[in-house]
Amino acid sequence: MIKFFRKIRQNMIQENRASKYMLYAVGEIILVVIGILIALQINNTNEAKKERAKELNYLKNIKTDLNLTITELDLFISTRNSQIEAAKRIIEHFDGKPIEDYNAFNKDIVDIYTWQRFFLIDNTFQELTNSGNLAIISNDSIKNALLTMQTIYKKIKYNEDHFRYDAEVTLYEPSYDMLDIYPISKNYFYQVTNGNMGELVELKKEDFALMLTDLKQKNGFAFAILEFTTMNMGFNDMKVKSQELIRQIDAEIKKD
């Protein structure tokens, strides 16, 4: 096409038809501009497709992280509920209820002593923020939901730190003077490993007599009930938010 315009231009120059030459010269320029614009549009479209593909990949990875997080949350909610019930049973013995099974009583105690922290599975979110690519998530609702998850997680970590402090003061430090940890730990490991570790040490009333007269430790188990309940509220909130975010991601992915 450009060769065609060039040939016409040469003929017009030879024929000294200046006005028509200018018209065709303008046409040639317009054609070149249109070609450039088309090329830019094609390039922009290709780049947009690449960015969208990258975004969708991130969304799928976020969904994977969320499903793993929900599995962890279910485990922690169940564990915390078991520990809350264990703490309630322990407090009953502080209030005078006789201990009928010292192995079960010991397991209740150590289950609370050995509580674990929750860690959010957010590898994809961290990659997005650390690389500066969070803006690639075009759906603002999804982006805001991810940020809300981080806020809930910070609240959970605060509650964990709070209980850690309370446990240090009311449970761990007093137990060093009132409990013989070695036989208690052997008995505990024997129970939780079905006899593969530890030893079924025979525990007696005397092993826990001092502890059951200590108000500080009773308060420690009361704190466990209160603060594990608070943690579970955060876990349940995060689970609901995770499920809703998965639905939003699925809807966004279906747009393509």
# chains A, B, ... in the order shown; residues from 1 in each chain; ligands from 1
>>> residues_around(residues="Leu179 (chain A)", least_positions_apart="5", cutoff="10 Å", atoms="only C-alpha atoms", output="PyMOL selection string")
chain A and resi 174+184+206-211
>>> residues_around(residues="region 81-92 of chain A", least_positions_apart="6", cutoff="8 Å", atoms="only C-alpha atoms", output="VMD selection string")
chain A and resid 105 108 to 109 111 to 112 218 221 to 222 224 to 225 228 to 229 232
>>> residues_around(residues="Ile142 (chain A)", least_positions_apart="5", cutoff="9 Å", atoms="only C-alpha atoms", output="list of chain:residue names")
A:Ile137, A:Leu147, A:Leu245, A:Gln248, A:Ile249
>>> write_last_selection(atoms="N, CA and C atoms", output="compact mmCIF listing (two decimals), in the first residue's frame")
# COMPACT_ATOMS: atom_id res chain seq x y z
N ILE A 137 -4.17 -7.42 41.24
CA ILE A 137 -5.51 -7.91 41.57
C ILE A 137 -6.49 -6.78 41.26
N LEU A 147 -6.76 -8.00 52.67
CA LEU A 147 -6.25 -7.11 53.71
C LEU A 147 -7.00 -7.31 55.03
N LEU A 245 -14.25 -15.32 50.52
CA LEU A 245 -13.21 -14.89 49.57
C LEU A 245 -13.02 -15.93 48.47
N GLN A 248 -15.70 -15.34 45.98
CA GLN A 248 -15.41 -14.17 45.15
C GLN A 248 -14.36 -14.51 44.09
N ILE A 249 -13.35 -15.27 44.48
CA ILE A 249 -12.31 -15.65 43.53
C ILE A 249 -12.88 -16.53 42.43
>>> residues_around(residues="Glu173 (chain A)", least_positions_apart="3", cutoff="12 Å", atoms="only C-alpha atoms", output="list of chain:residue names")
A:Tyr113, A:Tyr165, A:Asp166, A:Ala167, A:Glu168, A:Val169, A:Thr170, A:Tyr176, A:Asp177, A:Met178, A:Leu179, A:Met211, A:Lys216, A:Gln217, A:Gly220
>>> atom_distance(atom1="CA of Thr114 (chain A)", atom2="CA of Thr64 (chain A)")
29.1 Å
>>> select_by_dssp(residues="region 15-251 of chain A", states="alpha helix (DSSP H)", output="count of residues only")
181
>>> closest_residue(among="A:Tyr102, A:Tyr172, A:Phe94, A:Phe76", to="Phe119 (chain A)", atoms="only C-alpha atoms")
A:Phe76
